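Read through the structure below, which is laid out as structure tokens, and then see the notes.
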Amino acid sequence: MKFYSLLFAVLFYILLPILSFSQNTPVTTTSSYFRLNNEEVLLRVKASITENARVYSAIRLSDQAPSSELVFDSATLKILSGALAESPGVRKANEPLLENVEVAFFSDSVIWQQKIRLASTDSAVVEGKANLFIQQGDVFDSKEKEFTIVIPAVAIPKQNLAASEMVSADSIKGAGYGKILLKGFAEGLLAFLMPCIFAMLPVTVSFFLKRSKTKKQGVKNALAYAGSIVVIFAGIGVLFGLLGNPRFANEMASSAWFNIFVFSIFLIFGIAFLGAFEITLPSAWVNKIDSKANNNSFAGIFFMALTLVIVSFSCTAPFIGDLAYEAIKNKEIGKAIAGFGAFGFAIALPFAIGAMFPSVLNHISKSGGWLNSLKVSLGFIELALALKFLSSADLAYHWRLLDREVYLALWIVIFGLLGLYLLGKLKLKHDDDLPKNDYGHPYLTVTRLFFAIAALSFTFYLIPGLWGAPLKGISAWLPEMSTQDFNLNKLHATPPAASSASGSKAAPPVKYTDFLKSEIPGVTAYFDYNEGMEAARKTGKPLMIDFTGHSCANCRDMEQNVLVDEPIMKTLQEDFIVVSLYVDDKFRLSPSEWTISKLDGSTLKELGSRNLEFQINLVNKTAQPFYVFLDHSGKIIREGVGVERDKAKFLAILEEAKKNFIPSK
């Protein structure tokens, strides 16, 4: 008996490491595919590795070095295109347990991709296995992981997983920093076109007018200002990488306290430009800056750059969120810094160019009251822009304090007063008298007259909006049309309930309709995904999800200038079920509707945060608008699209989604 007990003990201790290794497999694999074009498909196998484990690379460094291997079935071997690609991040080291042979391995995760030739009209079943050579501590083992990838004909791959799990053919080759730099720079240029960044131009001009006395100093200050913006945005990239929450940017941009804070800043700047008071830094700060003037201190310039970043965040948040998500998922702080640095550089560049010649502006400002007139004019514009941020909070929280007609009435008064001011009919504290002509009578310069004409013309342009005119030219800057209490367009018949070709009708939208209305003219919209999907299944139509936001300027622009087009509007109403999901709505859900975030484990208690989480998990996007087309199983049938102002292209996208849609039986 003792002999058997001793034998069992010896076998137990010998086999314990092996048994432990087998029971706690340190590697899991997943497989998927992505159609690159009508002729090629990209196969993908990902091995996820737990801590304290290694998976050896499929690239063998020498005959003595172990390696993993991807093996395909004989049918797939005939349609392979190119060599197997392996994700970057491989590590190399000499392994003492293998007589110091140099080995290549991964300790986090590894992705292998292989192109195959497969027409979109053909289907295929790819079978294979990943022979993984694994090391965990001092124990080596090999695991065989089989996989099967089903590729249907004329189909888009299933994308209801985070899109970041799909690795592009370029990134798998180690495209480096070029792509993220271009992405950051392009999005920075787009962000510069947003209204709240343009609104900081008068602040910047005023600051450099006071600081710069010579052209050389102006150039120096401008470069410091641009550099400060780049540094600040690069720091934001690091911050988002550390926070690990891609919802952070959108939640902050739509929060009441942030928008009211920005509204207050614009209001204060506007009142100051009208001459009520002068904005200066605290005396202690000024003294400190002055004491370091000989040491080339740029504290004041950095402060102005920080102000720009803060007050423009509400407009830059969609772009920041997109960059932040990529940085967070990749866990590469270097690329986060590069992307956000390029983003900041694109924003800073126009400001730097505009501030290169402050001495010229100083010289012009000395000739009469030209500079003061400019500041007062900018003050009126600041007051008008301040309302945009107050409106964002008002819409998100449904306060109904600043409905569309109230907003327009305030703008009409502000720009009307601006026109009267430019005509010389309104004078403020620091204004000089108008110049006099040869006969001793005050007169307007031609330039000032044309600005007055522009201000008054804009005022009259706004007036029809009080009765519901869409004002397409500035629709992106205005509150939602649904907040208009008196709207002549409401005299038209309400769009009929969605129906199928066979005549079956879906139930009209119910959830959240007490405070949400369709912003797409002539189109019935649902505001809950499950309710919309039920309607789509009942009518046999594909689903179009409209990821939108109350404070989304581009969303209003698309609705009033593209989706309102008759063929597009008709196609959406008759051939699709539309679900508008607001990602910034602050409506508090009932406890039964709360969900747990898959991103950070937090409890999602608001309608907007739940919709934003859904967008991230579905398409790995945080920008709005974004339109996604689904079948009745929730699969994407056509690649999503953002801002597309070409009406013909957008209609073609709808037709393509209809063509790809296969109704459920």
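Every chain in the structure tokens has a letter given in the order shown (A, B, ...), and although residue numbers restart at 1 in each chain, ligands are simply numbered from 1 in the order shown.
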
Run DSSP on the backbone and tell me which residues of region 417-567 of chain A come out as strand (DSSP E); list them as a PyMOL selection string.
chain A and resi 525-526+543-548

Residues just named, written with N, CA, C and O atoms as a CSV table (one decimal), in the first residue's frame:
chain,number,residue,atom,x,y,z
A,525,ALA,N,-38.9,58.2,-37.5
A,525,ALA,CA,-37.7,57.7,-36.8
A,525,ALA,C,-38.1,57.1,-35.5
A,525,ALA,O,-38.9,57.6,-34.7
A,526,TYR,N,-37.5,55.9,-35.2
A,526,TYR,CA,-37.5,55.3,-33.9
A,526,TYR,C,-36.3,55.8,-33.1
A,526,TYR,O,-35.3,56.2,-33.6
A,543,LEU,N,-32.5,48.0,-41.6
A,543,LEU,CA,-32.5,49.0,-40.6
A,543,LEU,C,-31.3,50.0,-40.8
A,543,LEU,O,-30.2,49.6,-41.2
A,544,MET,N,-31.6,51.3,-40.8
A,544,MET,CA,-30.6,52.3,-40.8
A,544,MET,C,-30.5,53.0,-39.5
A,544,MET,O,-31.5,53.6,-39.0
A,545,ILE,N,-29.3,52.8,-38.8
A,545,ILE,CA,-29.1,53.5,-37.5
A,545,ILE,C,-28.5,54.8,-37.8
A,545,ILE,O,-27.4,54.9,-38.4
A,546,ASP,N,-29.1,55.9,-37.3
A,546,ASP,CA,-28.6,57.2,-37.4
A,546,ASP,C,-28.0,57.6,-36.0
A,546,ASP,O,-28.7,58.0,-35.1
A,547,PHE,N,-26.7,57.4,-35.9
A,547,PHE,CA,-26.0,57.9,-34.6
A,547,PHE,C,-25.9,59.4,-34.7
A,547,PHE,O,-25.1,59.9,-35.5
A,548,THR,N,-26.5,60.1,-33.8
A,548,THR,CA,-26.6,61.5,-33.9
A,548,THR,C,-26.4,62.1,-32.5
A,548,THR,O,-26.2,61.4,-31.5

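Near Lys570 (chain A), within 10 Å and counting only C-alpha atoms, sit Gly522, Val523, Leu563, Val564 and Phe576 of chain A; same-chain residues fewer than 6 positions away were not included.
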
Output of the above residues as a PDB file, in the first residue's frame, restricted to N, CA and C atoms:
ATOM      1  N   GLY A 522     -39.675  64.563 -43.052  1.00  0.00           N
ATOM      2  CA  GLY A 522     -40.508  63.634 -43.796  1.00  0.00           C
ATOM      3  C   GLY A 522     -40.261  62.171 -43.522  1.00  0.00           C
ATOM      4  N   VAL A 523     -39.456  61.837 -42.513  1.00  0.00           N
ATOM      5  CA  VAL A 523     -39.101  60.445 -42.231  1.00  0.00           C
ATOM      6  C   VAL A 523     -39.461  60.112 -40.785  1.00  0.00           C
ATOM      7  N   LEU A 563     -30.346  64.810 -46.281  1.00  0.00           N
ATOM      8  CA  LEU A 563     -31.430  63.851 -46.058  1.00  0.00           C
ATOM      9  C   LEU A 563     -32.785  64.422 -46.454  1.00  0.00           C
ATOM     10  N   VAL A 564     -32.876  65.736 -46.543  1.00  0.00           N
ATOM     11  CA  VAL A 564     -34.129  66.374 -46.938  1.00  0.00           C
ATOM     12  C   VAL A 564     -34.371  66.270 -48.443  1.00  0.00           C
ATOM     13  N   PHE A 576     -36.600  51.800 -45.724  1.00  0.00           N
ATOM     14  CA  PHE A 576     -35.796  51.555 -44.529  1.00  0.00           C
ATOM     15  C   PHE A 576     -36.623  51.827 -43.270  1.00  0.00           C
TER      16      PHE A 576
END

Using only C-alpha atoms, which of A:Ala346, A:Val619, A:Leu402, A:Val238 sits nearest Asp485 (chain A)?
A:Leu402

Might you pull out every residue within 9 Å of region 385-395 of chain A, with only C-alpha atoms counted and same-chain residues fewer than 6 positions away left off, and present them as a ChimeraX atom specification?
/A:195-196,199,253-267,270,314,401-403,407,410-411,477-480,483,550-552,585

Got time to write the residues from that selection, N, CA and C atoms, as a CSV table (one decimal), in the first residue's frame?
chain,number,residue,atom,x,y,z
A,195,PRO,N,-17.3,76.0,-35.5
A,195,PRO,CA,-17.5,77.4,-35.1
A,195,PRO,C,-16.8,77.8,-33.9
A,196,CYS,N,-16.7,76.9,-32.9
A,196,CYS,CA,-16.1,77.4,-31.6
A,196,CYS,C,-14.6,77.6,-31.7
A,199,ALA,N,-14.3,81.1,-33.3
A,199,ALA,CA,-14.7,82.1,-32.4
A,199,ALA,C,-13.5,82.5,-31.5
A,253,ALA,N,-18.2,66.7,-23.4
A,253,ALA,CA,-18.7,67.7,-24.4
A,253,ALA,C,-20.2,68.0,-24.3
A,254,SER,N,-20.9,67.0,-23.8
A,254,SER,CA,-22.4,67.1,-23.7
A,254,SER,C,-22.9,67.4,-22.3
A,255,SER,N,-21.9,67.5,-21.3
A,255,SER,CA,-22.3,67.7,-20.0
A,255,SER,C,-22.8,69.2,-19.8
A,256,ALA,N,-23.7,69.4,-18.8
A,256,ALA,CA,-24.2,70.7,-18.6
A,256,ALA,C,-23.1,71.6,-18.0
A,257,TRP,N,-22.4,71.2,-17.1
A,257,TRP,CA,-21.4,72.1,-16.4
A,257,TRP,C,-20.3,72.5,-17.4
A,258,PHE,N,-19.9,71.6,-18.3
A,258,PHE,CA,-18.9,72.0,-19.3
A,258,PHE,C,-19.4,73.0,-20.3
A,259,ASN,N,-20.6,72.8,-20.8
A,259,ASN,CA,-21.2,73.7,-21.8
A,259,ASN,C,-21.5,75.1,-21.2
A,260,ILE,N,-22.0,75.0,-20.0
A,260,ILE,CA,-22.3,76.3,-19.3
A,260,ILE,C,-21.0,77.0,-19.0
A,261,PHE,N,-19.9,76.3,-18.7
A,261,PHE,CA,-18.6,76.9,-18.4
A,261,PHE,C,-18.1,77.6,-19.7
A,262,VAL,N,-18.2,76.9,-20.9
A,262,VAL,CA,-17.8,77.5,-22.1
A,262,VAL,C,-18.7,78.7,-22.5
A,263,PHE,N,-20.0,78.5,-22.3
A,263,PHE,CA,-20.9,79.7,-22.5
A,263,PHE,C,-20.5,80.9,-21.7
A,264,SER,N,-20.1,80.7,-20.4
A,264,SER,CA,-19.7,81.8,-19.6
A,264,SER,C,-18.5,82.4,-20.1
A,265,ILE,N,-17.5,81.7,-20.6
A,265,ILE,CA,-16.3,82.2,-21.1
A,265,ILE,C,-16.6,83.1,-22.3
A,266,PHE,N,-17.4,82.6,-23.2
A,266,PHE,CA,-17.8,83.4,-24.4
A,266,PHE,C,-18.6,84.7,-24.0
A,267,LEU,N,-19.5,84.5,-23.1
A,267,LEU,CA,-20.2,85.6,-22.6
A,267,LEU,C,-19.3,86.7,-22.0
A,270,GLY,N,-17.4,88.3,-24.7
A,270,GLY,CA,-18.2,89.2,-25.5
A,270,GLY,C,-18.5,90.5,-24.8
A,314,SER,N,-15.8,71.4,-27.0
A,314,SER,CA,-17.1,70.9,-27.4
A,314,SER,C,-17.2,70.6,-28.8
A,401,LEU,N,-35.2,75.8,-22.4
A,401,LEU,CA,-35.0,77.2,-22.1
A,401,LEU,C,-34.7,78.0,-23.3
A,402,LEU,N,-34.1,77.4,-24.3
A,402,LEU,CA,-33.6,78.1,-25.5
A,402,LEU,C,-34.1,77.3,-26.7
A,403,ASP,N,-35.4,77.3,-26.9
A,403,ASP,CA,-35.9,76.7,-28.1
A,403,ASP,C,-35.5,77.5,-29.4
A,407,TYR,N,-33.9,81.2,-29.6
A,407,TYR,CA,-32.5,81.3,-30.0
A,407,TYR,C,-32.4,82.3,-31.2
A,410,LEU,N,-32.9,86.0,-30.3
A,410,LEU,CA,-31.7,86.6,-29.7
A,410,LEU,C,-30.7,86.9,-30.8
A,411,TRP,N,-30.5,86.0,-31.8
A,411,TRP,CA,-29.6,86.2,-32.8
A,411,TRP,C,-30.0,87.4,-33.7
A,477,TRP,N,-25.7,75.4,-36.9
A,477,TRP,CA,-25.5,76.3,-35.8
A,477,TRP,C,-26.7,76.4,-34.9
A,478,LEU,N,-27.9,76.0,-35.4
A,478,LEU,CA,-29.2,76.2,-34.7
A,478,LEU,C,-29.6,75.0,-33.9
A,479,PRO,N,-30.5,75.3,-32.9
A,479,PRO,CA,-31.1,74.2,-32.2
A,479,PRO,C,-32.0,73.3,-33.1
A,480,GLU,N,-32.4,72.1,-32.7
A,480,GLU,CA,-33.1,71.2,-33.5
A,480,GLU,C,-34.5,71.8,-33.9
A,483,THR,N,-37.7,71.6,-31.6
A,483,THR,CA,-37.9,72.5,-30.5
A,483,THR,C,-38.7,73.7,-30.9
A,550,HIS,N,-27.6,65.9,-30.0
A,550,HIS,CA,-28.3,67.2,-29.9
A,550,HIS,C,-27.3,68.3,-30.3
A,551,SER,N,-26.1,68.2,-29.8
A,551,SER,CA,-25.1,69.3,-30.1
A,551,SER,C,-24.2,69.1,-31.3
A,552,CYS,N,-24.7,68.1,-32.2
A,552,CYS,CA,-23.9,67.8,-33.3
A,552,CYS,C,-24.2,68.7,-34.5
A,585,ASP,N,-27.7,62.4,-25.2
A,585,ASP,CA,-28.9,62.7,-24.4
A,585,ASP,C,-28.7,62.3,-23.0

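We find CA of Phe185 (chain A) and CA of Ile616 (chain A) to be spaced 22.3 Å apart.
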